[in-house]
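Take a look at the structure below.
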Amino acid sequence: MISCRKGWKKMQIALNCKITNFISVTAGKDRMSKQYLMVMLFSLLFVSVSIYGQGRSRSVTTNAIRDTKLKLMFSETARVEAGNVATYSDPKKKWLLIEVEYTLPGNDTIGRTRWLDDMKVKFQVMYPAYYQGRNVTALLSGETVFWSVPFDGKRHYAVGFIPPQVIKRYSRPGTRIRASFTRTLEARVTFYTSSNRIIGRAFYSDGSSSTKLHTKFTAAEKALGVLRLDGLILSRNETPWANLQWDKYELIKIKK
């Protein structure tokens, strides 16, 4: 950001010098020279705005997301009751929740709050699956885009959901869905700017380091033997949790 502004000032000085020299040479000449002078002035304005805009976009650093904490948990379907609809719930059907906590740096030196618009969060989970008569590794994924997140130095939360139908469809025979089963799972959450630039990651594992997990997930995205299940990790607004704990989470941008 600072380097961009320094470059912008140098550009302004250079253009100002050129315009000053031009005025001294062309003083007293015809209307055509005045029109050319106007073009030069508009060029200065355009370059100033363009470079300043680039400086603003670069202010979001590659490690803007900090203090991440990722946890996986199974949960029964959230109960939302209505007076004219009978309540039905099956305790055997469990959702897998992937919740990530994170922090964005606080306000600038004069107390103004900055905002990160259209932040995308991509959830990925490695799941021991059973498909077409054999055991395989499944890579489930899903994305959520948030309308705008403040740089306020506070804890923020994002969560993805794997429905019980998906878990039942791909779980291996004899799998018992309980809290201890999450130890066999691995997860990666990646944060992106609106221009698809990575600004942070979070990992979940019962032993592997973040470096090994990152390598493993990156390889799984292209490996032939991995069952890739895109779009099966749902956003909160696509689940029974849509209207619950509203103030805990950021506003989700509706897909068009």
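Letters A, B, ... mark the chains of the structure tokens in the order given; residue numbers begin at 1 per chain; ligand numbers begin at 1, in order shown.
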
List every residue of region 26-238 of chain A that DSSP, applied to the backbone of this structure, assigns to strand (DSSP E), and report them as a PyMOL selection string.
chain A and resi 66-76+94-103+114-131+134-151+155-162+186-192+198-204+226-230

Enumerate, in order of chain and increasing residue number, the residues of region 71-157 of chain A with an atom no farther than 8 Å from region 223-234 of chain A, each with its shortest atom pair and distance in Å to one decimal, counting only C-alpha atoms, as a Markdown table.
```
| residue | atom | partner | partner_atom | distance |
| --- | --- | --- | --- | --- |
| A:Phe123 | CA | A:Ile233 | CA | 7.0 |
| A:Gln124 | CA | A:Ile233 | CA | 7.8 |
| A:Val136 | CA | A:Val226 | CA | 6.7 |
| A:Thr137 | CA | A:Val226 | CA | 5.4 |
| A:Ala138 | CA | A:Leu227 | CA | 4.5 |
| A:Leu139 | CA | A:Arg228 | CA | 4.8 |
| A:Leu140 | CA | A:Leu229 | CA | 4.7 |
| A:Ser141 | CA | A:Asp230 | CA | 4.9 |
| A:Gly142 | CA | A:Ile233 | CA | 4.4 |
| A:Glu143 | CA | A:Gly231 | CA | 7.3 |
```

Atoms kept (C-alpha atoms) for selection, written as a compact mmCIF listing (two decimals), in the first residue's frame:
```txt
# COMPACT_ATOMS: atom_id res chain seq x y z
CA PHE A 123 -14.50 -26.02 2.81
CA GLN A 124 -12.88 -29.38 2.01
CA VAL A 136 -12.05 -45.08 -1.46
CA THR A 137 -11.12 -41.65 -0.16
CA ALA A 138 -13.72 -39.00 -0.90
CA LEU A 139 -12.91 -35.30 -1.16
CA LEU A 140 -16.02 -33.30 -0.35
CA SER A 141 -16.08 -29.56 -0.97
CA GLY A 142 -18.32 -26.52 -0.91
CA GLU A 143 -18.04 -22.73 -0.99
```

Contact residues around Thr182 (chain A) with only C-alpha atoms at 12 Å, ignoring same-chain residues under 2 positions, as JSON, numbers by chain:
{"A": [71, 72, 73, 74, 75, 95, 96, 97, 98, 125, 126, 127, 128, 175, 176, 177, 178, 179, 180, 184, 185, 186, 187, 204, 205, 206]}

File of the preceding selection, N, CA, C and O atoms, as an mmCIF file, in the first residue's frame:
```cif
data_model
loop_
_atom_site.group_PDB
_atom_site.id
_atom_site.type_symbol
_atom_site.label_atom_id
_atom_site.label_comp_id
_atom_site.auth_asym_id
_atom_site.auth_seq_id
_atom_site.Cartn_x
_atom_site.Cartn_y
_atom_site.Cartn_z
ATOM 1 N N LYS A 71 -12.759 -26.838 13.746
ATOM 2 C CA LYS A 71 -13.261 -28.004 14.471
ATOM 3 C C LYS A 71 -14.375 -28.681 13.685
ATOM 4 O O LYS A 71 -15.118 -28.037 12.942
ATOM 5 N N LEU A 72 -14.455 -30.002 13.861
ATOM 6 C CA LEU A 72 -15.490 -30.817 13.222
ATOM 7 C C LEU A 72 -16.350 -31.449 14.314
ATOM 8 O O LEU A 72 -15.830 -31.887 15.351
ATOM 9 N N MET A 73 -17.646 -31.508 14.067
ATOM 10 C CA MET A 73 -18.562 -32.104 15.053
ATOM 11 C C MET A 73 -19.807 -32.635 14.346
ATOM 12 O O MET A 73 -20.212 -32.109 13.300
ATOM 13 N N PHE A 74 -20.377 -33.697 14.914
ATOM 14 C CA PHE A 74 -21.639 -34.225 14.405
ATOM 15 C C PHE A 74 -22.789 -33.653 15.222
ATOM 16 O O PHE A 74 -22.657 -33.419 16.428
ATOM 17 N N SER A 75 -23.905 -33.425 14.550
ATOM 18 C CA SER A 75 -25.059 -32.841 15.226
ATOM 19 C C SER A 75 -26.352 -33.366 14.615
ATOM 20 O O SER A 75 -26.422 -33.618 13.400
ATOM 21 N N TRP A 95 -25.634 -34.585 10.965
ATOM 22 C CA TRP A 95 -24.925 -33.682 10.073
ATOM 23 C C TRP A 95 -23.478 -33.576 10.539
ATOM 24 O O TRP A 95 -23.201 -33.640 11.737
ATOM 25 N N LEU A 96 -22.560 -33.353 9.592
ATOM 26 C CA LEU A 96 -21.187 -33.029 9.964
ATOM 27 C C LEU A 96 -20.990 -31.533 9.779
ATOM 28 O O LEU A 96 -21.166 -30.998 8.682
ATOM 29 N N LEU A 97 -20.660 -30.850 10.872
ATOM 30 C CA LEU A 97 -20.438 -29.407 10.844
ATOM 31 C C LEU A 97 -18.940 -29.123 10.820
ATOM 32 O O LEU A 97 -18.177 -29.709 11.607
ATOM 33 N N ILE A 98 -18.528 -28.246 9.923
ATOM 34 C CA ILE A 98 -17.134 -27.811 9.823
ATOM 35 C C ILE A 98 -17.120 -26.326 10.156
ATOM 36 O O ILE A 98 -17.498 -25.498 9.332
ATOM 37 N N VAL A 125 -13.218 -31.592 2.926
ATOM 38 C CA VAL A 125 -13.100 -32.658 3.924
ATOM 39 C C VAL A 125 -12.699 -33.955 3.228
ATOM 40 O O VAL A 125 -13.291 -34.333 2.210
ATOM 41 N N MET A 126 -11.683 -34.623 3.778
ATOM 42 C CA MET A 126 -11.298 -35.968 3.351
ATOM 43 C C MET A 126 -12.120 -36.969 4.162
ATOM 44 O O MET A 126 -12.072 -36.965 5.396
ATOM 45 N N TYR A 127 -12.854 -37.827 3.452
ATOM 46 C CA TYR A 127 -13.783 -38.738 4.126
ATOM 47 C C TYR A 127 -13.520 -40.166 3.670
ATOM 48 O O TYR A 127 -13.464 -40.434 2.459
ATOM 49 N N PRO A 128 -13.379 -41.125 4.616
ATOM 50 C CA PRO A 128 -13.207 -42.534 4.237
ATOM 51 C C PRO A 128 -14.530 -43.092 3.703
ATOM 52 O O PRO A 128 -15.458 -43.355 4.467
ATOM 53 N N THR A 175 -19.605 -48.291 9.669
ATOM 54 C CA THR A 175 -19.188 -47.006 10.241
ATOM 55 C C THR A 175 -20.180 -46.541 11.305
ATOM 56 O O THR A 175 -21.394 -46.538 11.070
ATOM 57 N N ARG A 176 -19.678 -46.162 12.453
ATOM 58 C CA ARG A 176 -20.523 -45.638 13.528
ATOM 59 C C ARG A 176 -20.291 -44.125 13.608
ATOM 60 O O ARG A 176 -19.183 -43.668 13.905
ATOM 61 N N ILE A 177 -21.352 -43.386 13.357
ATOM 62 C CA ILE A 177 -21.257 -41.925 13.344
ATOM 63 C C ILE A 177 -21.391 -41.415 14.772
ATOM 64 O O ILE A 177 -22.477 -41.328 15.334
ATOM 65 N N ARG A 178 -20.260 -41.069 15.349
ATOM 66 C CA ARG A 178 -20.213 -40.519 16.706
ATOM 67 C C ARG A 178 -19.033 -39.567 16.794
ATOM 68 O O ARG A 178 -18.247 -39.434 15.848
ATOM 69 N N ALA A 179 -18.898 -38.904 17.934
ATOM 70 C CA ALA A 179 -17.907 -37.846 18.083
ATOM 71 C C ALA A 179 -16.491 -38.324 17.771
ATOM 72 O O ALA A 179 -15.701 -37.614 17.126
ATOM 73 N N SER A 180 -16.125 -39.527 18.210
ATOM 74 C CA SER A 180 -14.769 -40.032 18.017
ATOM 75 C C SER A 180 -14.434 -40.267 16.540
ATOM 76 O O SER A 180 -13.259 -40.305 16.171
ATOM 77 N N THR A 184 -10.849 -39.514 12.465
ATOM 78 C CA THR A 184 -10.417 -40.162 11.218
ATOM 79 C C THR A 184 -10.544 -39.215 10.017
ATOM 80 O O THR A 184 -10.149 -39.581 8.901
ATOM 81 N N LEU A 185 -11.068 -38.027 10.253
ATOM 82 C CA LEU A 185 -11.306 -37.082 9.163
ATOM 83 C C LEU A 185 -10.220 -36.006 9.116
ATOM 84 O O LEU A 185 -9.558 -35.733 10.113
ATOM 85 N N GLU A 186 -10.081 -35.415 7.956
ATOM 86 C CA GLU A 186 -9.155 -34.298 7.769
ATOM 87 C C GLU A 186 -9.874 -33.208 6.993
ATOM 88 O O GLU A 186 -10.706 -33.494 6.126
ATOM 89 N N ALA A 187 -9.565 -31.973 7.304
ATOM 90 C CA ALA A 187 -10.279 -30.862 6.675
ATOM 91 C C ALA A 187 -9.327 -29.708 6.381
ATOM 92 O O ALA A 187 -8.323 -29.521 7.068
ATOM 93 N N TYR A 204 -7.541 -29.190 9.825
ATOM 94 C CA TYR A 204 -7.985 -30.058 10.917
ATOM 95 C C TYR A 204 -7.434 -31.459 10.663
ATOM 96 O O TYR A 204 -7.587 -32.014 9.569
ATOM 97 N N SER A 205 -6.789 -32.026 11.698
ATOM 98 C CA SER A 205 -6.275 -33.391 11.611
ATOM 99 C C SER A 205 -5.984 -33.892 13.013
ATOM 100 O O SER A 205 -5.798 -33.100 13.947
ATOM 101 N N ASP A 206 -5.917 -35.210 13.140
ATOM 102 C CA ASP A 206 -5.615 -35.799 14.439
ATOM 103 C C ASP A 206 -4.126 -36.114 14.579
ATOM 104 O O ASP A 206 -3.752 -36.995 15.335
#
```

May I ask for the distance between CA of Pro105 (chain A) and CA of Asn63 (chain A), given in Å to one decimal place?
10.2 Å

Apply DSSP to the structure's backbone, then extract all residues of region 111-173 of chain A labelled alpha helix (DSSP H) and return them as a ChimeraX atom specification.
/A:164-170

Counting only C-alpha atoms, figure out which residue out of A:Glu238, A:Asp117, A:Asp67, A:Glu76 gets nearest to Arg155 (chain A).
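Using only C-alpha atoms, Arg155 (chain A) sits closest to A:Asp67.
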